[in-house]
Every structure is written in C-alpha cells, then in structure tokens.
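Q: Here you go, this is protein.csv (CSV, C-alpha atoms and all ligand atoms).
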chain,number,residue,atom,x,y,z
A,1,MET,CA,1.8,39.7,5.9
A,2,ILE,CA,1.8,37.9,9.2
A,3,ASP,CA,-0.1,39.8,11.9
A,4,ASN,CA,2.1,39.7,14.9
A,5,THR,CA,0.6,42.6,16.8
A,6,ASP,CA,-1.3,40.5,19.3
A,7,ASP,CA,0.5,40.1,22.6
A,8,LYS,CA,-0.7,36.5,23.1
A,9,PRO,CA,1.5,33.9,21.5
A,10,ARG,CA,-0.3,32.6,18.4
A,11,ARG,CA,-0.3,29.2,16.9
A,12,GLY,CA,0.9,29.4,13.3
A,13,HIS,CA,-0.6,27.5,10.5
A,14,GLY,CA,1.4,26.1,7.6
A,15,ILE,CA,0.4,24.5,4.3
A,16,CYS,CA,2.6,21.5,3.6
A,17,LEU,CA,3.1,20.6,-0.1
A,18,PHE,CA,3.0,16.9,0.6
A,19,SER,CA,4.2,14.4,-2.1
A,20,GLY,CA,4.3,11.6,0.4
A,21,GLY,CA,8.1,11.1,-0.2
A,22,LEU,CA,10.6,11.1,2.7
A,23,ASP,CA,11.5,14.8,2.3
A,24,SER,CA,8.0,16.1,2.5
A,25,MET,CA,7.3,13.7,5.4
A,26,LEU,CA,10.3,15.1,7.4
A,27,ALA,CA,9.3,18.7,6.6
A,28,LEU,CA,5.8,18.1,7.8
A,29,ARG,CA,7.0,16.5,11.0
A,30,LEU,CA,9.5,19.2,11.8
A,31,ILE,CA,6.8,21.9,11.6
A,32,ALA,CA,4.1,19.9,13.3
A,33,ASP,CA,6.5,19.1,16.2
A,34,GLN,CA,6.9,22.8,16.8
A,35,GLY,CA,3.2,22.8,17.7
A,36,LEU,CA,2.0,24.6,14.6
A,37,ARG,CA,-1.2,23.7,12.7
A,38,VAL,CA,-0.4,21.9,9.4
A,39,THR,CA,-2.7,21.3,6.5
A,40,ALA,CA,-1.2,18.9,3.9
A,41,LEU,CA,-1.8,19.5,0.2
A,42,HIS,CA,-1.1,16.8,-2.4
A,43,VAL,CA,-1.2,17.6,-6.1
A,44,VAL,CA,-2.6,14.6,-8.0
A,45,LEU,CA,-0.8,14.2,-11.3
A,46,PRO,CA,-1.6,11.7,-14.1
A,47,VAL,CA,2.1,11.0,-14.5
A,48,HIS,CA,2.6,9.5,-11.0
A,49,PRO,CA,2.0,5.8,-11.2
A,50,ARG,CA,-0.2,4.9,-8.2
A,51,GLY,CA,-2.7,2.2,-7.2
A,52,ALA,CA,-6.2,2.8,-6.1
A,53,ASP,CA,-5.5,2.9,-2.4
A,54,ASP,CA,-2.3,5.0,-2.5
A,55,LEU,CA,-4.2,8.2,-1.7
A,56,ALA,CA,-5.6,6.6,1.4
A,57,VAL,CA,-2.1,5.5,2.4
A,58,LEU,CA,-0.9,9.1,1.8
A,59,GLU,CA,-3.6,10.5,3.9
A,60,GLY,CA,-2.8,8.1,6.8
A,61,ARG,CA,0.9,9.1,6.5
A,62,ALA,CA,0.1,12.8,6.6
A,63,LEU,CA,-2.2,12.5,9.6
A,64,GLU,CA,0.2,10.3,11.5
A,65,LEU,CA,3.0,12.9,11.0
A,66,GLY,CA,0.8,15.6,12.6
A,67,ALA,CA,-1.3,17.2,9.8
A,68,GLU,CA,-4.8,18.1,10.6
A,69,GLU,CA,-6.0,17.0,7.2
A,70,LEU,CA,-4.8,16.1,3.7
A,71,ARG,CA,-6.3,18.1,0.8
A,72,LEU,CA,-6.1,16.9,-2.8
A,73,HIS,CA,-5.6,19.2,-5.8
A,74,ASP,CA,-6.2,17.9,-9.3
A,75,PRO,CA,-4.9,20.4,-11.8
A,76,GLY,CA,-6.5,18.6,-14.8
A,77,GLY,CA,-6.0,20.6,-18.0
A,78,GLU,CA,-3.6,23.1,-16.4
A,79,PHE,CA,-1.0,20.3,-16.0
A,80,VAL,CA,-1.6,19.1,-19.6
A,81,GLU,CA,-1.0,22.7,-20.8
A,82,LEU,CA,2.3,23.0,-19.1
A,83,VAL,CA,3.6,19.8,-20.5
A,84,HIS,CA,2.7,21.1,-23.9
A,85,LYS,CA,4.3,24.5,-23.4
A,86,PRO,CA,6.4,24.8,-20.3
A,87,THR,CA,7.6,28.4,-19.7
A,88,HIS,CA,10.8,27.2,-18.1
A,89,GLY,CA,11.6,24.3,-20.4
A,90,TYR,CA,12.1,20.6,-19.9
A,91,GLY,CA,14.5,18.5,-17.8
A,92,ARG,CA,16.4,15.6,-19.2
A,93,ASN,CA,13.2,14.0,-20.7
A,94,LEU,CA,9.7,15.5,-21.0
A,95,ASN,CA,9.6,16.6,-17.4
A,96,PRO,CA,8.8,20.3,-17.0
A,97,CYS,CA,9.8,20.4,-13.4
A,98,LEU,CA,10.0,24.1,-12.8
A,99,ASP,CA,6.5,24.7,-14.2
A,100,CYS,CA,5.2,21.7,-12.4
A,101,ARG,CA,6.6,22.9,-9.0
A,102,LEU,CA,5.2,26.3,-9.7
A,103,LEU,CA,1.8,24.8,-10.3
A,104,ALA,CA,2.1,23.1,-6.9
A,105,PHE,CA,3.3,26.2,-5.1
A,106,ARG,CA,0.5,28.3,-6.6
A,107,ALA,CA,-2.0,25.8,-5.4
A,108,GLY,CA,-0.4,26.0,-2.0
A,109,ARG,CA,-0.7,29.8,-2.0
A,110,ARG,CA,-4.3,29.7,-3.0
A,111,LEU,CA,-5.1,27.2,-0.1
A,112,MET,CA,-3.0,29.4,2.3
A,113,GLU,CA,-5.2,32.4,1.4
A,114,GLU,CA,-8.4,30.4,1.5
A,115,LEU,CA,-7.7,29.1,5.0
A,116,GLY,CA,-6.0,32.2,6.3
A,117,ALA,CA,-2.8,30.2,6.9
A,118,ASP,CA,0.6,31.9,7.4
A,119,PHE,CA,2.9,30.2,5.1
A,120,VAL,CA,3.6,27.4,2.7
A,121,PHE,CA,6.3,24.8,3.2
A,122,SER,CA,7.9,22.0,1.2
A,123,GLY,CA,10.4,19.2,1.6
A,124,GLU,CA,12.9,20.8,-0.9
A,125,VAL,CA,16.6,20.5,-0.2
A,126,VAL,CA,19.1,23.0,-1.7
A,127,GLY,CA,20.9,21.3,-4.6
A,128,GLU,CA,19.1,18.0,-4.4
A,129,ARG,CA,17.5,18.0,-7.9
A,130,PRO,CA,19.3,19.4,-10.9
A,131,MET,CA,16.4,21.4,-12.4
A,132,SER,CA,14.0,22.6,-9.6
A,133,GLN,CA,16.2,22.6,-6.5
A,134,ARG,CA,19.2,24.6,-7.7
A,135,ARG,CA,19.4,27.7,-5.5
A,136,GLU,CA,18.5,30.1,-8.3
A,137,ALA,CA,15.5,27.9,-9.3
A,138,MET,CA,14.3,27.8,-5.7
A,139,ASP,CA,14.4,31.6,-5.6
A,140,LEU,CA,12.5,31.8,-8.9
A,141,LEU,CA,9.9,29.4,-7.6
A,142,GLU,CA,9.4,31.6,-4.5
A,143,ARG,CA,9.1,34.8,-6.6
A,144,GLU,CA,6.9,33.5,-9.4
A,145,SER,CA,4.5,31.6,-7.1
A,146,GLY,CA,3.8,34.9,-5.3
A,147,LEU,CA,5.0,33.4,-2.0
A,148,ASN,CA,7.8,35.9,-1.3
A,149,GLY,CA,8.9,35.5,2.2
A,150,ARG,CA,6.2,33.0,2.9
A,151,LEU,CA,7.8,29.9,1.5
A,152,LEU,CA,9.7,27.8,4.0
A,153,ARG,CA,11.9,24.9,3.3
A,154,PRO,CA,12.4,23.3,6.7
A,155,LEU,CA,15.1,20.8,5.5
A,156,SER,CA,17.4,23.6,4.2
A,157,ALA,CA,16.0,26.6,6.1
A,158,ARG,CA,19.2,27.6,7.8
A,159,LEU,CA,20.9,27.9,4.4
A,160,LEU,CA,18.2,30.3,3.2
A,161,PRO,CA,17.0,33.8,4.1
A,162,GLU,CA,14.7,34.0,7.1
A,163,THR,CA,11.0,33.7,6.2
A,164,GLU,CA,8.3,35.9,7.7
A,165,ALA,CA,7.1,32.9,9.9
A,166,GLU,CA,10.5,32.6,11.4
A,167,ARG,CA,10.9,36.4,11.9
A,168,ALA,CA,7.5,36.5,13.6
A,169,GLY,CA,8.5,33.7,16.0
A,170,LEU,CA,5.8,31.3,14.7
A,171,VAL,CA,8.6,28.9,13.6
A,172,ASP,CA,11.8,28.3,15.6
A,173,ARG,CA,14.6,28.5,13.0
A,174,GLY,CA,17.0,26.8,15.4
A,175,ARG,CA,15.0,23.6,15.2
A,176,LEU,CA,15.1,23.5,11.3
A,177,MET,CA,17.8,21.9,9.2
A,178,SER,CA,20.6,22.9,6.8
A,179,PHE,CA,20.6,20.0,4.5
A,180,ARG,CA,22.3,20.4,1.1
A,181,GLY,CA,23.0,18.2,-1.9
A,182,ARG,CA,21.8,14.9,-3.4
A,183,GLY,CA,22.8,12.4,-0.8
A,184,ARG,CA,20.0,11.1,1.5
A,185,LYS,CA,22.1,10.3,4.5
A,186,SER,CA,21.0,13.3,6.5
A,187,GLN,CA,17.4,12.7,5.7
A,188,ILE,CA,17.6,9.0,6.7
A,189,ALA,CA,19.4,9.9,9.9
A,190,LEU,CA,16.8,12.5,10.8
A,191,ALA,CA,14.0,10.0,10.0
A,192,ALA,CA,15.6,7.5,12.4
A,193,ARG,CA,15.9,10.2,15.1
A,194,LEU,CA,12.2,11.2,14.6
A,195,GLY,CA,11.1,7.5,14.7
A,196,ILE,CA,9.9,7.6,11.1
A,197,HIS,CA,10.6,4.1,9.7
A,198,ASP,CA,7.9,3.6,7.1
A,199,TYR,CA,8.7,5.8,4.0
A,200,PRO,CA,8.8,5.1,0.3
A,201,THR,CA,12.0,4.6,-1.6
A,202,PRO,CA,13.0,7.4,-4.0
A,203,ALA,CA,12.4,5.1,-7.1
A,204,GLY,CA,9.1,5.0,-9.1
A,205,GLY,CA,8.6,8.7,-9.5
A,206,CYS,CA,7.3,10.8,-12.3
A,207,LEU,CA,6.6,9.0,-15.6
A,208,LEU,CA,7.8,12.0,-17.6
A,209,THR,CA,11.3,11.3,-16.4
A,210,ASP,CA,11.1,7.8,-17.9
A,211,PRO,CA,12.7,7.9,-21.4
A,212,GLY,CA,10.3,5.3,-22.9
A,213,TYR,CA,7.2,7.1,-21.6
A,214,ALA,CA,8.7,10.5,-22.4
A,215,SER,CA,9.3,9.5,-26.0
A,216,ARG,CA,5.8,8.1,-26.4
A,217,SER,CA,4.4,11.3,-24.9
A,218,ALA,CA,6.5,13.4,-27.3
A,219,GLU,CA,5.2,11.4,-30.2
A,220,ALA,CA,1.6,11.9,-28.9
A,221,LEU,CA,2.2,15.6,-28.6
A,222,GLU,CA,3.3,15.8,-32.2
A,223,HIS,CA,-0.1,14.3,-33.1
A,224,GLY,CA,-1.8,16.9,-30.9
A,225,GLU,CA,-3.4,14.2,-28.7
A,226,LEU,CA,-1.9,14.6,-25.3
A,227,ASP,CA,-4.9,15.4,-23.2
A,228,TYR,CA,-5.5,14.1,-19.7
A,229,ALA,CA,-6.9,10.8,-20.9
A,230,ASP,CA,-4.0,10.2,-23.2
A,231,PHE,CA,-1.5,10.5,-20.3
A,232,GLU,CA,-3.4,7.7,-18.7
A,233,LEU,CA,-3.4,5.6,-21.8
A,234,LEU,CA,0.3,6.0,-22.3
A,235,ARG,CA,1.0,4.2,-19.1
A,236,TRP,CA,-0.2,0.9,-20.3
A,237,GLY,CA,1.0,-1.6,-22.9
A,238,ARG,CA,2.8,-1.3,-26.2
A,239,HIS,CA,1.7,1.4,-28.6
A,240,LEU,CA,1.5,1.5,-32.4
A,241,ARG,CA,0.6,4.3,-34.7
A,242,LEU,CA,-1.7,3.0,-37.5
A,243,PRO,CA,-1.8,4.5,-40.9
A,244,GLY,CA,-4.1,7.5,-40.8
A,245,GLY,CA,-2.7,8.5,-37.4
A,246,PHE,CA,-4.8,6.2,-35.1
A,247,LYS,CA,-3.3,4.9,-32.0
A,248,LEU,CA,-3.4,1.2,-31.2
A,249,ALA,CA,-2.4,0.1,-27.7
A,250,LEU,CA,-2.0,-3.6,-26.8
A,251,GLY,CA,-1.7,-5.0,-23.3
A,252,ARG,CA,1.5,-7.0,-22.5
A,253,ASN,CA,0.0,-8.7,-19.4
A,254,LYS,CA,-3.0,-8.8,-17.2
A,255,GLU,CA,-2.1,-5.5,-15.4
A,256,ASP,CA,-1.8,-3.7,-18.8
A,257,ASN,CA,-5.1,-5.1,-19.9
A,258,ALA,CA,-6.8,-3.9,-16.8
A,259,GLY,CA,-5.0,-0.5,-17.1
A,260,LEU,CA,-6.1,-0.1,-20.7
A,261,ARG,CA,-9.7,-0.9,-19.8
A,262,GLY,CA,-9.5,1.7,-17.0
A,263,ALA,CA,-8.0,4.3,-19.4
A,264,ALA,CA,-10.6,3.8,-22.1
A,265,ARG,CA,-12.9,6.7,-22.8
A,266,PRO,CA,-16.2,6.9,-24.8
A,267,GLY,CA,-15.6,6.3,-28.5
A,268,ASP,CA,-12.6,4.1,-28.0
A,269,LEU,CA,-12.7,0.7,-29.6
A,270,LEU,CA,-11.8,-2.4,-27.6
A,271,LEU,CA,-10.6,-5.5,-29.5
A,272,THR,CA,-10.6,-9.0,-27.9
A,273,THR,CA,-10.4,-12.6,-29.1
A,274,ASP,CA,-11.5,-15.9,-27.6
A,275,PHE,CA,-7.9,-17.0,-27.5
A,276,PRO,CA,-5.4,-15.8,-24.9
A,277,ALA,CA,-4.5,-12.4,-26.3
A,278,PRO,CA,-3.7,-8.9,-25.3
A,279,LEU,CA,-6.6,-6.5,-25.0
A,280,GLY,CA,-6.4,-4.0,-27.9
A,281,LEU,CA,-7.5,-0.4,-27.6
A,282,ILE,CA,-7.9,2.0,-30.6
A,283,ARG,CA,-8.2,5.7,-29.9
A,284,ARG,CA,-9.6,7.4,-32.9
A,285,GLY,CA,-10.7,10.9,-31.8
A,286,ASP,CA,-13.7,12.1,-33.8
A,287,GLU,CA,-12.7,10.3,-37.0
A,288,GLU,CA,-14.1,7.1,-38.3
A,289,LEU,CA,-11.7,4.2,-38.7
A,290,ASP,CA,-12.2,2.6,-42.1
A,291,GLY,CA,-12.6,-1.2,-42.4
A,292,GLU,CA,-9.1,-1.7,-43.9
A,293,ARG,CA,-7.3,-0.1,-40.9
A,294,LEU,CA,-9.5,-1.9,-38.4
A,295,ARG,CA,-8.6,-5.1,-40.1
A,296,LEU,CA,-5.0,-4.3,-39.9
A,297,ALA,CA,-5.3,-3.6,-36.1
A,298,ALA,CA,-7.1,-6.9,-35.7
A,299,ARG,CA,-4.4,-8.8,-37.6
A,300,ILE,CA,-1.7,-7.1,-35.4
A,301,LEU,CA,-3.6,-8.1,-32.2
A,302,SER,CA,-3.9,-11.6,-33.5
A,303,GLY,CA,-0.2,-11.8,-34.1
A,304,TYR,CA,0.3,-11.2,-30.4
A,305,SER,CA,-2.2,-13.9,-29.5
A,306,LYS,CA,-2.1,-17.7,-29.2
A,307,CYS,CA,-4.4,-17.9,-32.1
A,308,ALA,CA,-3.2,-20.0,-35.1
A,309,GLY,CA,-4.6,-19.8,-38.6
A,310,GLU,CA,-7.8,-17.7,-38.8
A,311,CYS,CA,-8.6,-15.6,-35.8
A,312,VAL,CA,-11.9,-14.1,-34.8
A,313,VAL,CA,-11.6,-10.6,-33.3
A,314,MET,CA,-14.5,-9.0,-31.6
A,315,VAL,CA,-14.7,-5.2,-31.6
A,316,PHE,CA,-16.6,-3.2,-29.0
A,317,VAL,CA,-17.1,0.5,-28.7
A,318,LEU,CA,-17.1,2.2,-25.4
A,319,ASP,CA,-20.3,4.2,-24.9
A,320,ASP,CA,-20.9,7.4,-22.7
A,321,GLU,CA,-21.9,5.3,-19.7
A,322,GLY,CA,-18.8,3.2,-19.8
A,323,GLY,CA,-20.6,0.2,-21.4
A,324,GLU,CA,-19.0,-1.9,-24.1
A,325,ARG,CA,-21.3,-2.0,-27.2
A,326,PRO,CA,-20.6,-4.7,-29.8
A,327,ALA,CA,-19.5,-3.0,-33.0
A,328,THR,CA,-18.3,-5.7,-35.3
A,329,THR,CA,-16.6,-9.1,-35.6
A,330,LEU,CA,-13.7,-9.8,-38.0
A,331,THR,CA,-12.1,-13.0,-39.1
A,332,VAL,CA,-8.4,-12.3,-39.9
A,333,GLU,CA,-5.1,-13.9,-40.4
A,334,PRO,CA,-2.5,-13.0,-37.8
A,335,LEU,CA,0.2,-10.6,-38.8
A,336,ASP,CA,3.7,-11.8,-37.6
A,337,ARG,CA,4.6,-9.5,-34.7
A,338,PHE,CA,8.3,-9.6,-35.8
A,339,SER,CA,7.5,-8.5,-39.3
A,340,ALA,CA,8.9,-5.2,-40.7
A,341,GLU,CA,5.3,-4.1,-41.2
A,342,VAL,CA,4.5,-4.3,-37.5
A,343,ARG,CA,7.9,-3.1,-36.3
A,344,GLU,CA,7.6,0.0,-38.3
A,345,LEU,CA,4.4,0.9,-36.5
A,346,LEU,CA,5.7,0.3,-33.0
A,347,LEU,CA,6.4,3.4,-31.0
B,401,LIG,S1,9.5,15.0,-11.9
B,401,LIG,FE1,7.5,15.1,-12.8
B,401,LIG,S2,6.1,15.4,-11.0
B,401,LIG,FE2,8.2,15.9,-10.3
B,401,LIG,S3,8.4,18.1,-10.6
B,401,LIG,FE3,9.2,17.2,-12.4
B,401,LIG,S4,7.4,17.1,-13.9
B,401,LIG,FE4,6.6,17.5,-11.8
Write out the structure in this file as structure tokens.
A:
Amino acid sequence: MIDNTDDKPRRGHGICLFSGGLDSMLALRLIADQGLRVTALHVVLPVHPRGADDLAVLEGRALELGAEELRLHDPGGEFVELVHKPTHGYGRNLNPCLDCRLLAFRAGRRLMEELGADFVFSGEVVGERPMSQRREAMDLLERESGLNGRLLRPLSARLLPETEAERAGLVDRGRLMSFRGRGRKSQIALAARLGIHDYPTPAGGCLLTDPGYASRSAEALEHGELDYADFELLRWGRHLRLPGGFKLALGRNKEDNAGLRGAARPGDLLLTTDFPAPLGLIRRGDEELDGERLRLAARILSGYSKCAGECVVMVFVLDDEGGERPATTLTVEPLDRFSAEVRELLL
C-alpha cells in the first residue's frame, strides 16, 4: 500500500516495463513528465531479434525519456518453461503472450518491492493486441501478477479503474490518456506533441509470432530440445532433421553463418569446406553421431556449396572454452539439394 500519511508532498517512483517500442516510450515520458522517479525495466528474451548494440540504444532511449536507469531482466529457463507449457495457451502461432506478459509484470513487481517503488506501469493500450490487451486479459494480468491496484497503464488510464498511485495524488490522472484499439494514430500524434521523433516501427517483433520460426520451434519442442540455446539456434539458417533425430543447420548467407557460430555451444559440430559454402552446425545432445550420418550431413552441406565432384568437408567440435577442435575430415560427393532425399529432411 502507498503510504500517504506524510503531510509533505512526496515524489512517487514507478517501474516502467520498457520494451523500447513507441507505446512504452510514451508511457515512460508521460510519467517522467509529471516529475516522478522512473526506473525502466527491460526483459531480455531470446525470441527478440536484436543486434549487439541494441541494448545500449535502448538504454539511451530510456534515459533520454526521463528514466533514472534501465535495468535488464533475463528470465532464462523460466521463459523456456512457459513456451513449453503456457498456463494461458498460445496466440496465433507459438506465442504464449499472456504468460510472457505475466513474467514481465512479476519481474516488475519484484523490482518495485526491491526498490521500495510505488507502482509498475506499462505501455499497454486497451484492445490493441488480440491476446494480451483485451480488457479481461489486462485485468487477469493485474490480478495474477500480484499488482492489484498498483499497475498503471498511462496510455489507457482514463478508461480503467483508478490505481493507488492516482488516488494518492502521486500521479495526475488528468494528464494521462484514454487510448483504445489497434490504430497507432493517437500514439503518433502524442509522440509528435511530446517531441519524440526517433522510435522503432512496429515490425520485427517476437520471433514466436513468425509462422516459420514457430513451426520450427514446435518441431524442436516435439524432440524435447527447446532450451535457451536452441531458441538462439533456430534464428539462423535452414534446418534439417537427420535420421536419428540430430539437427543440422546450414547458413544461407554470411549473417546466418556468423549467427550459427555465435549460437554454437560446447559439443556442437561445425562443418566447413574450402569452397564457398554454408557453415554447417550439427547439434547432437549427449549422443554420438555415427560416421554414416555425419557423412550424410557432409554430403548435404556440399550440395549447397560451389564444390563440384568430390568435396572435402572439415569437421570441428566446439570445446568448453569456445575453441574449435578438429574432429575429422571427410571426402564426399555432394547430394543434390533439390533431391527428394534432402527435401524430406528440411524443416
Ligand atoms: S509477442 Fe512474444 S514477446 Fe510479445 S508478449 Fe507475446 S510471446 Fe512475449
């Protein structure tokens, strides 16, 4: 509960769930502009495609909008668990949005308690998203996150019941919004009014909403292999399921090859040739890959290379320190990438 017994006006403190998108940017600015302290919290998920410096950009954005600091929360295995078994089901693809939002709100509540802050707020807009921003879903999120009365949605606040922070006079409800629905016109107009011109487009969101990524993830789930590192691997290249259940990933371009190298973990096999060719990555769990299957993988890789006739494929194994230890070298005939044999294995 907010302690409002002190006579002196007190400066409230809100925890902003900050994705870095326009909605959360506006929410942050609306609260910071009222003179409250704001701590921004960003939940780092493996299903958000981002470059290495995106988090620095995000931090700069949060500070510029008025946050005192940006904290990061990496839920690790907790997120993997909820993709496996969401309590509230999936959206159109493999996106467990309600559970995912709950995870973020609970992280916000924990930070609020740790810092002695007054409330948590987010950029949600009533009716903007079909799964997590229906009015009933928003109520459920507030209830199940343990944030009853302490979860503020500045962009739709005037359509929603008053929160404790508003009742206590920490936040002026009259300066909050009553946005509703999927259009972004109101948000764009507000951004212009607040002088916010640099914000991301809504595209390029969560990979679990991408049908291709979602179907590869579902296939990986069936093989019981969707841990945190597998999410990362699924982002890159084309994927094949080899006989025996092993996964072969092949880069389609330089970016994929770099991504696969970055996603490799100890025990993975990396396959390369001297010819222009994709990087191949085999994930094999604890099991050994027999020579026949390794040969098949090398033949498939060669089929995607510029190698004609016999092709020499070098196999390295990634060790615990991230080093690539030579494992073996195979001389193989390329397997036609358009053959039924290869097409059957493609995911
Ligand atoms: S779209 Fe993805 S990141 Fe966003 S709430 Fe849904 S599952 Fe979470």
Q: Might you pull out every residue within 12 Å of segment 266-268 of chain A, with only C-alpha atoms counted and same-chain residues fewer than 3 positions away left off, and present them as JSON, numbers by chain?
A: {"A": [229, 230, 233, 246, 247, 248, 249, 260, 261, 262, 263, 271, 280, 281, 282, 283, 284, 285, 286, 287, 288, 289, 315, 316, 317, 318, 319, 320, 321, 322, 323, 324, 325, 327]}
Q: To one decimal place, how far is atom CA of Gly237 of chain A from atom CA of Glu310 of chain A in Å?
A: 24.3 Å
Q: Name each residue within 6 Å of ligand LIG 401 (chain B), counting all atoms listed in the file, as a list in words.
A: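 Using all atoms listed in the file, I find these residues within 6 Å of ligand LIG 401 (chain B): Asn95, Pro96, Cys97, Cys100, Arg101, Cys206 and Leu208 of chain A.
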Q: For each of A:Gly291, A:Gly181, A:Gly21, A:Pro278, take the minimum atom-to-atom distance to Leu58 of chain A, counting all atoms listed in the file, then give the residue where this is smallest.
A: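 Nearest candidate to Leu58 of chain A out of A:Gly291, A:Gly181, A:Gly21, A:Pro278: A:Gly21.
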Q: May I have the residues within 12 Å of Glu124 of chain A as a VMD selection string, using all atoms listed in the file and disregarding those fewer than 3 positions away in the same chain?
A: chain A and resid 16 to 19 21 to 28 101 105 120 to 121 127 to 130 132 to 135 137 to 139 141 to 142 151 to 157 159 to 160 177 to 182 187
Q: Using all atoms listed in the file, which of the listed residues (A:Arg92, A:Arg173, A:Arg61, A:His42) sits closest to Ala214 of chain A?
A: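 Smallest distance to Ala214 of chain A is found for A:Arg92.
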Q: Could you pull out every residue with an atom within 12 Å of (1.3, 19.1, -12.3), file coordinates, counting all atoms listed in the file, and send them as an MDAnalysis selection string?
A: chainID A and resid 19 42:48 73:84 86 95:107 206:208 228
Q: So, with all atoms listed in the file as the atoms that count, which of A:Ala297, A:Leu70, A:Leu250, A:Val312 lies closest to Phe275 of chain A?
A: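 Of A:Ala297, A:Leu70, A:Leu250, A:Val312, the one nearest Phe275 of chain A is A:Val312, counting all atoms listed in the file.
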Q: Go ahead and compute the interatomic distance for atom CA of Asp118 of chain A and atom CA of Arg175 of chain A, in Å to one decimal.
A: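 If I compute the distance from atom CA of Asp118 of chain A to atom CA of Arg175 of chain A, I get 18.4 Å.
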